[in-house]
>>> print(open('model15.txt').read())   # compact mmCIF, C-alpha atoms
# COMPACT_ATOMS: atom_id res chain seq x y z
CA MET J 1 84.12 28.14 -58.97
CA SER J 2 80.61 28.69 -60.17
CA THR J 3 80.16 29.72 -63.80
CA LYS J 4 76.71 31.16 -63.20
CA ARG J 5 76.32 34.88 -63.95
CA ARG J 6 74.46 37.13 -61.60
CA PRO J 7 71.29 38.70 -63.01
CA VAL J 8 71.92 42.08 -64.57
CA SER J 9 70.04 44.92 -62.89
CA ALA J 10 67.80 47.24 -64.90
CA LYS J 11 70.17 50.18 -64.30
CA ARG J 12 73.18 48.16 -65.37
CA ALA J 13 71.34 46.91 -68.47
CA ALA J 14 70.46 50.47 -69.41
CA ALA J 15 74.06 51.56 -68.89
CA ILE J 16 75.33 48.68 -71.05
CA ALA J 17 72.83 49.56 -73.78
CA ALA J 18 73.83 53.22 -73.68
CA ALA J 19 77.51 52.34 -73.85
CA ALA J 20 76.86 50.04 -76.80
CA GLU J 21 74.92 52.78 -78.58
CA LEU J 22 77.71 55.29 -77.95
CA LEU J 23 80.32 52.80 -79.15
CA ALA J 24 78.28 52.10 -82.28
CA GLY J 25 78.04 55.83 -82.97
CA ARG J 26 81.78 56.24 -82.57
CA ARG J 27 82.40 53.25 -84.81
CA PHE J 28 80.08 54.73 -87.42
CA ALA J 29 81.90 58.06 -87.23
CA ARG J 30 85.25 56.30 -87.57
CA ARG J 31 83.93 54.32 -90.54
CA LEU J 32 82.55 57.50 -92.14
CA TYR J 33 85.75 59.50 -91.80
CA GLY J 34 87.80 56.45 -92.62
CA ALA J 35 85.78 55.97 -95.80
CA ILE J 36 86.34 59.60 -96.76
CA ALA J 37 90.06 59.23 -96.14
CA ILE J 38 90.24 55.96 -98.11
CA LEU J 39 88.35 57.51 -101.02
CA ALA J 40 90.74 60.45 -100.95
CA VAL J 41 93.73 58.11 -100.87
CA LEU J 42 92.38 56.08 -103.76
CA ALA J 43 91.56 59.23 -105.70
CA GLY J 44 95.02 60.67 -105.53
CA GLY J 45 97.43 59.16 -103.08
CA LEU J 46 96.66 61.37 -100.08
CA THR J 47 99.41 60.95 -97.49
CA VAL J 48 98.79 60.27 -93.83
CA ALA J 49 100.27 63.69 -93.02
CA ASN J 50 97.55 65.32 -95.10
CA LEU J 51 94.61 63.52 -93.47
CA SER J 52 94.34 66.35 -90.95
CA LYS J 53 93.75 68.73 -93.84
CA LEU J 54 90.55 67.05 -95.00
CA PRO J 55 87.81 69.65 -95.60
CA HIS J 56 85.63 70.51 -92.63
CA PRO J 57 82.68 72.85 -92.04
CA HIS J 58 83.41 76.52 -91.42
CA SER J 59 79.94 78.03 -91.78
CA THR J 60 77.66 79.14 -88.97
CA SER J 61 73.95 79.63 -89.55
CA ALA J 62 72.47 82.82 -88.13
CA LEU J 63 68.89 81.60 -88.51
CA ALA J 64 66.75 80.40 -85.64
CA ARG J 65 65.49 76.84 -86.03
CA SER J 66 62.17 76.66 -87.83
CA ALA J 67 60.04 74.09 -89.63
CA THR J 68 59.65 76.50 -92.55
CA PRO J 69 62.64 77.63 -94.64
CA ALA J 70 63.41 81.35 -94.50
CA ALA J 71 62.31 83.09 -97.69
CA PHE J 72 64.13 86.02 -99.30
CA SER J 73 63.88 87.58 -102.76
CA LEU J 74 67.63 87.83 -103.15
CA TYR J 75 70.88 86.73 -101.54
CA THR J 76 74.28 88.42 -101.78
CA LEU J 77 77.78 87.61 -100.51
CA GLN J 78 79.60 90.23 -98.47
CA ARG J 79 83.31 89.66 -97.90
CA ASP J 80 85.10 91.55 -95.14
CA THR J 81 88.88 92.03 -95.16
CA GLY J 82 88.86 94.03 -91.92
CA LYS J 83 90.03 92.74 -88.54
CA ASP J 84 88.26 92.61 -85.20
CA ASN J 85 89.60 93.86 -81.85
CA SER J 86 91.61 90.66 -81.38
CA GLY J 87 93.33 91.04 -84.74
CA LEU J 88 91.42 88.23 -86.46
CA LYS J 89 89.82 88.65 -89.88
CA LYS J 90 86.15 89.56 -89.67
CA PRO J 91 83.85 86.87 -91.06
CA ASP J 92 82.28 86.95 -94.50
CA THR J 93 78.48 86.80 -94.59
CA ILE J 94 75.67 85.79 -96.92
CA LEU J 95 72.76 88.20 -96.66
CA GLY J 96 69.09 87.67 -97.47
CA SER J 97 67.10 90.67 -98.74
CA SER J 98 63.62 91.63 -99.85
CA LEU J 99 62.92 93.99 -102.74
CA SER J 100 61.14 96.50 -100.49
CA GLY J 101 62.27 98.57 -97.57
CA SER J 102 65.60 100.16 -96.81
CA ASP J 103 67.09 97.33 -94.74
CA GLN J 104 70.60 96.16 -95.54
CA GLY J 105 69.73 92.49 -95.49
CA THR J 106 69.59 89.74 -92.90
CA VAL J 107 72.69 87.69 -92.11
CA ILE J 108 71.98 84.07 -93.07
CA VAL J 109 75.44 82.48 -92.92
CA SER J 110 78.86 83.57 -91.69
CA ALA J 111 82.28 81.97 -92.15
CA PRO J 112 85.91 83.14 -92.07
CA ARG J 113 86.29 83.01 -95.88
CA ILE J 114 83.37 82.38 -98.25
CA GLN J 115 84.31 81.89 -101.88
CA GLU J 116 80.83 81.56 -103.40
CA TYR J 117 77.40 80.07 -102.82
CA ALA J 118 74.27 78.87 -104.62
CA ALA J 119 70.69 79.11 -103.40
CA LEU J 120 68.17 76.28 -103.20
CA PRO J 121 64.61 76.53 -101.83
CA SER J 122 65.55 74.94 -98.50
CA ALA J 123 69.32 75.44 -98.20
CA LEU J 124 72.36 77.37 -99.33
CA ALA J 125 75.32 75.54 -100.82
CA VAL J 126 78.41 77.39 -99.56
CA VAL J 127 82.02 77.05 -100.69
CA THR J 128 84.45 78.07 -97.94
CA VAL J 129 88.23 78.36 -98.11
CA ASN J 130 90.40 76.21 -95.83
CA ASP J 131 93.65 77.40 -94.26
CA ASP J 132 95.65 75.67 -97.02
CA ASN J 133 93.45 77.35 -99.70
CA THR J 134 91.63 74.12 -100.58
CA SER J 135 87.83 74.11 -100.51
CA SER J 136 85.07 72.86 -98.27
CA LEU J 137 81.54 72.55 -99.64
CA GLU J 138 78.75 72.84 -97.10
CA MET J 139 74.97 72.71 -97.12
CA VAL J 140 73.45 75.26 -94.72
CA PRO J 141 69.72 74.68 -94.09
CA LEU J 142 67.42 77.69 -94.37
CA THR J 143 65.50 76.26 -91.42
CA GLY J 144 68.47 76.95 -89.13
CA GLY J 145 70.79 74.39 -87.61
CA PRO J 146 74.37 73.31 -88.29
CA PRO J 147 75.82 72.89 -91.79
CA SER J 148 76.56 69.49 -93.29
CA LEU J 149 79.70 68.74 -95.26
CA VAL J 150 79.47 67.54 -98.85
CA PRO J 151 82.20 64.93 -99.41
CA LEU J 152 84.60 66.02 -102.13
CA PRO J 153 86.60 63.58 -104.30
CA SER J 154 89.91 64.58 -102.69
CA LEU J 155 91.72 67.68 -101.48
CA GLY J 156 91.28 70.43 -104.02
CA THR J 157 89.31 73.50 -105.05
CA VAL J 158 85.67 73.95 -105.96
CA ALA J 159 84.59 76.57 -108.52
CA ASN J 160 81.64 77.51 -110.76
CA LEU J 161 79.00 76.48 -108.24
CA HIS J 162 75.39 76.54 -109.52
CA ALA J 163 72.05 75.17 -108.33
CA ALA J 164 69.00 73.69 -110.01
CA GLY J 165 66.52 74.62 -107.32
CA SER J 166 63.50 72.79 -108.68
CA ASN J 167 65.46 69.54 -108.90
CA HIS J 168 67.43 69.76 -105.64
CA LEU J 169 70.74 69.54 -107.49
CA ILE J 170 73.93 71.50 -107.19
CA GLY J 171 76.90 71.30 -109.52
CA PHE J 172 80.48 72.52 -109.47
CA THR J 173 83.84 72.04 -111.10
CA PHE J 174 86.57 70.43 -109.03
CA THR J 175 90.34 70.64 -109.44
CA ALA J 176 92.44 68.34 -107.26
CA SER J 177 95.41 69.70 -105.34
CA SER J 178 98.87 69.00 -106.73
CA ALA J 179 99.30 66.14 -104.26
CA THR J 180 96.47 64.17 -105.87
CA GLY J 181 96.01 65.64 -109.33
CA GLN J 182 93.34 63.30 -110.67
CA TYR J 183 90.78 66.00 -111.47
CA TRP J 184 91.05 69.28 -113.37
CA LYS J 185 87.92 71.41 -113.78
CA THR J 186 85.94 68.17 -113.64
CA LEU J 187 82.19 68.78 -113.51
CA PHE J 188 80.37 67.16 -110.57
CA VAL J 189 76.69 67.08 -109.59
CA TYR J 190 75.26 66.38 -106.13
CA ASP J 191 71.68 65.57 -105.08
CA VAL J 192 71.08 67.46 -101.83
CA ASP J 193 68.04 65.30 -101.09
CA LYS J 194 70.36 62.30 -100.81
CA PRO J 195 72.99 63.45 -98.30
CA SER J 196 74.28 59.90 -97.81
CA SER J 197 75.43 59.80 -101.42
CA ALA J 198 78.51 61.48 -102.84
CA PRO J 199 78.82 63.90 -105.78
CA TRP J 200 79.31 62.13 -109.10
CA ALA J 201 81.30 63.20 -112.16
CA VAL J 202 79.13 64.26 -115.11
CA GLN J 203 79.77 61.99 -118.07
CA GLY J 204 80.23 63.34 -121.58
CA ILE J 205 80.94 61.59 -124.86
CA HIS J 206 84.48 60.66 -123.84
CA GLY J 207 84.10 60.24 -120.09
CA PRO J 208 84.06 62.81 -117.25
CA VAL J 209 83.46 66.37 -118.46
CA THR J 210 86.13 69.05 -118.07
CA ALA J 211 84.19 72.33 -118.12
CA THR J 212 85.49 75.87 -118.53
CA ASP J 213 81.91 77.14 -118.21
CA TRP J 214 78.56 75.51 -117.52
CA ARG J 215 74.98 76.24 -116.40
CA PHE J 216 71.84 74.35 -115.40
CA VAL J 217 68.98 74.80 -117.87
CA PRO J 218 66.27 76.82 -116.05
CA GLY J 219 63.60 74.63 -114.51
CA ALA J 220 65.36 71.41 -115.51
CA ALA J 221 67.96 68.96 -114.31
CA THR J 222 69.82 69.12 -117.64
CA LEU J 223 72.83 71.37 -118.10
CA VAL J 224 75.00 72.90 -120.79
CA ALA J 225 78.77 72.68 -120.51
CA GLN J 226 81.62 74.19 -122.53
CA ALA J 227 84.90 72.29 -122.89
CA ASP J 228 88.43 73.64 -123.36
CA ASP J 229 88.08 73.56 -127.14
CA GLN J 230 84.90 75.72 -126.87
CA SER J 231 82.61 72.84 -127.85
CA ILE J 232 79.28 73.00 -126.02
CA PHE J 233 77.10 70.07 -124.98
CA LEU J 234 73.62 69.55 -123.56
CA ILE J 235 73.91 66.87 -120.87
CA ASP J 236 71.52 65.05 -118.59
CA PRO J 237 73.66 64.37 -115.49
CA LEU J 238 71.08 61.87 -114.25
CA ASP J 239 71.44 59.77 -117.41
CA SER J 240 75.01 59.33 -118.65
CA GLY J 241 73.80 58.34 -122.13
CA LYS J 242 72.06 61.65 -122.85
CA VAL J 243 74.69 63.95 -124.38
CA SER J 244 73.88 66.25 -127.31
CA PRO J 245 76.59 68.34 -129.08
CA LEU J 246 75.55 71.97 -129.60
CA GLY J 247 78.51 73.10 -131.72
CA THR J 248 81.55 75.25 -130.97
CA HIS J 249 81.05 78.79 -129.70
CA ALA J 250 83.12 81.42 -127.93
CA GLY J 251 80.86 81.91 -124.95
CA ILE J 252 77.68 80.94 -123.09
CA LEU J 253 75.49 83.99 -122.48
CA GLY J 254 72.46 82.50 -120.76
CA PHE J 255 68.91 81.44 -121.45
CA PRO J 256 66.62 84.05 -123.05
CA GLY J 257 63.92 81.37 -123.15
CA THR J 258 63.43 78.28 -121.02
CA ASN J 259 64.38 76.08 -123.97
CA GLU J 260 66.88 78.38 -125.66
CA LEU J 261 70.58 78.95 -125.07
CA ALA J 262 72.23 82.22 -126.13
CA VAL J 263 75.85 81.98 -127.33
CA SER J 264 78.43 84.40 -128.68
CA ASP J 265 81.10 84.21 -131.38
CA PRO J 266 83.67 86.77 -132.58
CA GLY J 267 82.97 88.86 -135.67
CA LEU J 268 84.22 87.56 -138.98
CA LYS J 269 86.82 90.34 -138.96
CA VAL J 270 88.02 90.61 -135.39
CA GLY J 271 88.05 94.22 -134.19
CA VAL J 272 86.06 95.35 -137.21
CA ASP J 273 82.86 93.33 -137.33
CA PRO J 274 80.67 93.17 -134.22
CA PRO J 275 80.45 89.89 -132.29
CA ARG J 276 77.83 87.46 -133.50
CA TYR J 277 75.06 86.27 -131.20
CA SER J 278 72.85 83.24 -131.71
CA THR J 279 70.25 81.17 -129.94
CA ILE J 280 70.24 77.38 -129.89
CA ASN J 281 66.98 75.46 -129.62
CA LEU J 282 67.74 72.88 -126.95
CA SER J 283 65.07 70.51 -128.26
CA ASN J 284 66.60 70.02 -131.69
CA GLY J 285 69.94 71.89 -131.65
CA ALA J 286 68.84 74.38 -134.33
CA LEU J 287 70.99 77.54 -134.43
CA THR J 288 69.32 80.89 -135.14
CA PRO J 289 71.24 84.16 -135.50
CA ALA J 290 70.04 86.64 -132.88
CA THR J 291 69.36 90.14 -134.11
CA LEU J 292 69.93 92.63 -131.33
CA ALA J 293 67.90 95.82 -131.46
CA GLY J 294 70.13 98.55 -132.87
CA GLY J 295 73.09 96.18 -133.05
CA ALA J 296 75.83 95.89 -130.42
CA ALA J 297 79.18 97.61 -130.41
CA PRO J 298 82.15 95.35 -131.23
CA GLU J 299 83.97 94.42 -128.03
CA ASN J 300 87.32 94.95 -129.75
CA SER J 301 86.42 98.22 -131.44
CA GLN J 302 86.94 100.06 -128.20
CA SER J 303 89.30 102.96 -127.98
CA ALA J 304 91.84 103.56 -125.25
CA THR J 305 89.18 105.45 -123.30
CA THR J 306 85.99 103.38 -123.82
CA THR J 307 85.15 99.66 -123.58
CA VAL J 308 81.86 97.80 -123.76
CA GLY J 309 80.81 94.53 -122.15
CA GLN J 310 78.80 91.58 -123.38
CA PRO J 311 75.16 92.45 -124.03
CA VAL J 312 72.62 91.02 -121.61
CA VAL J 313 69.68 90.00 -123.81
CA LEU J 314 66.44 90.83 -122.01
CA ASP J 315 63.71 89.44 -124.25
CA GLY J 316 62.84 87.97 -127.64
CA SER J 317 62.57 91.41 -129.27
CA GLY J 318 66.34 91.86 -129.12
CA GLN J 319 66.29 94.39 -126.27
CA PHE J 320 69.55 94.28 -124.34
CA ALA J 321 71.52 95.98 -121.59
CA GLN J 322 75.24 96.65 -121.94
CA VAL J 323 77.91 98.03 -119.63
CA VAL J 324 80.01 100.90 -121.03
CA ARG J 325 83.24 101.78 -119.24
CA LYS J 326 85.11 105.03 -119.79
CA PHE J 327 88.65 105.88 -118.69
CA ASP J 328 89.82 109.45 -118.23
CA ALA J 329 93.06 110.57 -116.56
CA GLY J 330 93.41 107.22 -114.84
CA LYS J 331 89.85 107.24 -113.53
CA GLU J 332 87.13 104.79 -114.56
CA THR J 333 83.43 105.54 -114.77
CA SER J 334 80.76 103.11 -115.88
CA LEU J 335 77.12 103.12 -116.91
CA VAL J 336 74.53 100.69 -118.28
CA ASN J 337 72.88 101.41 -121.61
CA LEU J 338 69.51 99.92 -122.55
CA THR J 339 68.97 99.39 -126.27
CA ASP J 340 65.68 98.52 -127.93
CA ARG J 341 63.94 99.23 -131.26
CA ASN J 342 63.64 102.88 -130.31
CA GLY J 343 67.37 103.35 -129.84
CA SER J 344 69.80 103.39 -126.92
CA ARG J 345 69.56 105.29 -123.66
CA VAL J 346 71.28 105.33 -120.28
CA LEU J 347 69.40 102.99 -117.97
CA TYR J 348 71.64 103.26 -114.93
CA ARG J 349 74.51 105.41 -113.75
CA PRO J 350 76.04 104.48 -110.37
CA ASP J 351 76.84 106.88 -107.57
CA ALA J 352 80.30 108.42 -107.77
CA ALA J 353 81.31 106.48 -104.65
CA TRP J 354 80.47 103.20 -106.46
CA SER J 355 81.43 104.10 -110.00
CA ARG J 356 83.01 100.80 -111.10
CA ILE J 357 80.47 98.32 -112.54
CA LEU J 358 81.72 94.76 -112.26
CA ASP J 359 78.83 92.63 -113.54
CA THR J 360 75.11 92.55 -114.28
CA CYS J 361 72.36 89.93 -114.46
CA VAL J 362 68.58 89.83 -114.84
CA SER J 363 66.02 88.73 -112.28
CA PRO J 364 64.12 85.50 -112.99
CA ALA J 365 61.04 87.48 -114.09
CA SER J 366 63.16 89.82 -116.27
CA ASP J 367 61.84 92.89 -114.46
CA TYR J 368 64.99 93.95 -112.57
CA LEU J 369 68.68 94.22 -113.38
CA ALA J 370 71.16 93.44 -110.61
CA VAL J 371 74.30 95.58 -111.00
CA GLU J 372 77.46 94.80 -109.02
CA THR J 373 79.51 97.90 -108.23
CA ALA J 374 82.75 98.75 -106.45
CA ALA J 375 84.44 101.93 -105.29
CA PRO J 376 86.76 103.69 -107.78
CA GLN J 377 89.67 103.02 -105.44
CA TYR J 378 89.48 99.58 -103.92
CA ALA J 379 91.58 96.82 -102.41
CA GLY J 380 91.50 93.28 -103.74
CA ASP J 381 90.58 90.58 -101.24
CA GLN J 382 93.32 88.19 -102.50
CA TYR J 383 91.11 85.09 -102.38
CA PRO J 384 92.72 82.13 -104.18
CA VAL J 385 89.63 81.46 -106.31
CA ARG J 386 87.26 84.17 -107.50
CA PRO J 387 89.11 87.17 -106.03
CA GLU J 388 87.04 90.36 -105.95
CA PRO J 389 87.36 94.03 -105.03
CA THR J 390 86.23 95.01 -101.59
CA PRO J 391 83.88 96.50 -100.59
CA MET J 392 81.14 95.83 -103.17
CA ARG J 393 77.49 96.75 -103.49
CA THR J 394 74.60 95.46 -105.63
CA ASP J 395 71.99 97.87 -106.98
CA LEU J 396 68.61 96.52 -108.09
CA VAL J 397 67.38 98.52 -111.09
CA ASP J 398 63.81 98.52 -112.43
CA LEU J 399 64.18 97.77 -116.14
CA LYS J 400 61.12 99.83 -117.09
CA SER J 401 61.85 103.01 -115.18
CA GLY J 402 65.59 102.80 -114.49
CA THR J 403 64.85 103.44 -110.80
CA VAL J 404 67.16 101.86 -108.24
CA VAL J 405 64.63 100.12 -106.02
CA LYS J 406 67.21 98.95 -103.51
CA SER J 407 70.95 98.80 -102.78
CA VAL J 408 72.31 95.89 -100.78
CA PRO J 409 75.83 95.12 -99.56
CA GLY J 410 77.90 92.51 -101.34
CA PHE J 411 78.03 90.84 -104.74
CA LEU J 412 77.13 87.57 -106.48
CA PRO J 413 73.35 88.11 -106.38
CA SER J 414 71.53 84.80 -106.34
CA TRP J 415 69.66 85.79 -109.54
CA CYS J 416 72.96 85.27 -111.37
CA GLY J 417 73.40 81.69 -110.19
>>> encode(input="model15.txt", output="structure tokens")
Amino acid sequence: MSTKRRPVSAKRAAAIAAAAELLAGRRFARRLYGAIAILAVLAGGLTVANLSKLPHPHSTSALARSATPAAFSLYTLQRDTGKDNSGLKKPDTILGSSLSGSDQGTVIVSAPRIQEYAALPSALAVVTVNDDNTSSLEMVPLTGGPPSLVPLPSLGTVANLHAAGSNHLIGFTFTASSATGQYWKTLFVYDVDKPSSAPWAVQGIHGPVTATDWRFVPGAATLVAQADDQSIFLIDPLDSGKVSPLGTHAGILGFPGTNELAVSDPGLKVGVDPPRYSTINLSNGALTPATLAGGAAPENSQSATTTVGQPVVLDGSGQFAQVVRKFDAGKETSLVNLTDRNGSRVLYRPDAAWSRILDTCVSPASDYLAVETAAPQYAGDQYPVRPEPTPMRTDLVDLKSGTVVKSVPGFLPSWCG
């Protein structure tokens, strides 16, 4: 028998090459998902029965493909607990809005259950909820196209998602499910410009950081994180050796200046003295007491019928906005007071149909206040992480005139991220 092989035809050669390419792609996919599964197993003993529960994308982009990212002044998240004609839950949506016009926003992303999101210049980072109440983390390009899955350390839940837009970083805390249990509120950072890499745990003085609260410093890759014992640190997640203690404080309020952190502490006599507010210089750690114009009412001096929220410091002069809630005959009404050197006045009072104020935050240029509102009678959406009333609306208030320039559906305005 001859051992000579017949010459391979051009068509057959092309078919063989295509089959090899397809096989290589399948092998790569198997290696990729196998690597994810192995990492999950190593991270917390994931059983074979749970491999089918690995996070997967849920989001659908509503944008047409484009070379240029879609640009909006503001994003909001609208959850929907209603059901469609087939009895399935209606999808949640992330809307993009401008500050002008009367439109109700453009749908950017939809998914069955969206927990939260963070906005970057070219993409949205979206946390969706799986059927078993664990999390998936997805990057949805603002140029249209399918989402990509960010690999998580194991099965578990993502929370406290934030973005550092100028540095293409997102960060989040991760708590592993009870089956794995290796992580609890562990702070992770992910470089969206390097999708082949995985998120990495932020390192503090004693190893990975467990954060009850944290934020990116505006315009920087550094971040501030608060631990369980209320100690606060300035950390460079790109350099594990750069960790600076900033003291122990009750709460992180935000950044009144690009290099200043505002913090809060209880009054010396709780319920009698007003809370204390300070700013920390992030360059040298110097603490300076912050004098708010006209003072701020003690949070614990409230009566059975009136409560006040944390002040939102608007500028270096001590001007601040503060939510005041009043309860009468089982009904709650809310308003926002603006206090400056000339005294205090009502800046914003919501419509009666949206009389519950949930949260506020300032626009990046400090010219508008975003106010999240809900109806006086509402239903909770029962989400496992970050549950909210539904429906909700966000009013955009001009801080100079008090005029509501626009009302958009949803909550979690991207200014607050």
>>> residues_around(input="model15.txt", residues="range 65-79 of chain J", least_positions_apart="2", cutoff="10 Å", atoms="only C-alpha atoms", output="PyMOL selection string")
chain J and resi 61-63+81-82+90-100+105-119+121-124+141-146+363+370+381+388-394+408-415
>>> residues_around(input="model15.txt", residues="range 345-358 of chain J", least_positions_apart="5", cutoff="6 Å", atoms="only C-alpha atoms", output="list in words")
Thr333, Ser334, Leu335, Val336, Asn337, Leu338, Glu372, Thr373, Ala374, Ala375, Pro376 and Gly402 of chain J
>>> closest_residue(input="model15.txt", among="J:Ser59, J:Ala262, J:Leu169, J:Ala159", to="Asp193 in chain J", atoms="only C-alpha atoms")
J:Leu169
>>> closest_residue(input="model15.txt", among="J:Pro387, J:Gly267, J:Pro195, J:Pro364", to="Pro218 in chain J", atoms="all atoms listed in the file")
J:Pro364
>>> closest_residue(input="model15.txt", among="J:Gly316, J:Gly101, J:Pro289, J:Gly219", to="Ser264 in chain J", atoms="all atoms listed in the file")
J:Pro289
>>> atom_distance(input="model15.txt", atom1="CA of Asn160 in chain J", atom2="CA of Arg325 in chain J")
25.8 Å
>>> closest_residue(input="model15.txt", among="J:Val224, J:Val129, J:Val313, J:Leu137", to="Ser244 in chain J", atoms="only C-alpha atoms")
J:Val224
>>> atom_distance(input="model15.txt", atom1="CA of Thr307 in chain J", atom2="CA of Leu369 in chain J")
20.1 Å
>>> atom_distance(input="model15.txt", atom1="CA of Gln203 in chain J", atom2="CA of Phe233 in chain J")
11.0 Å
>>> residues_around(input="model15.txt", residues="Phe255 in chain J", least_positions_apart="3", cutoff="9 Å", atoms="all atoms listed in the file", output="compact mmCIF listing (two decimals) with C-alpha atoms, keeping the file's coordinate frame")
# COMPACT_ATOMS: atom_id res chain seq x y z
CA VAL J 217 68.98 74.80 -117.87
CA PRO J 218 66.27 76.82 -116.05
CA ILE J 252 77.68 80.94 -123.09
CA THR J 258 63.43 78.28 -121.02
CA ASN J 259 64.38 76.08 -123.97
CA GLU J 260 66.88 78.38 -125.66
CA LEU J 261 70.58 78.95 -125.07
CA ALA J 262 72.23 82.22 -126.13
CA THR J 279 70.25 81.17 -129.94
CA VAL J 313 69.68 90.00 -123.81
>>> residues_around(input="model15.txt", residues="Thr157 in chain J", least_positions_apart="3", cutoff="7 Å", atoms="all atoms listed in the file", output="VMD selection string")
chain J and resid 134 to 135 174 to 176
>>> closest_residue(input="model15.txt", among="J:Thr339, J:His206, J:Leu246, J:Cys416", to="Ala225 in chain J", atoms="only C-alpha atoms")
J:Leu246
>>> closest_residue(input="model15.txt", among="J:Ser148, J:Ser283, J:Thr210, J:Gln104", to="His56 in chain J", atoms="all atoms listed in the file")
J:Ser148
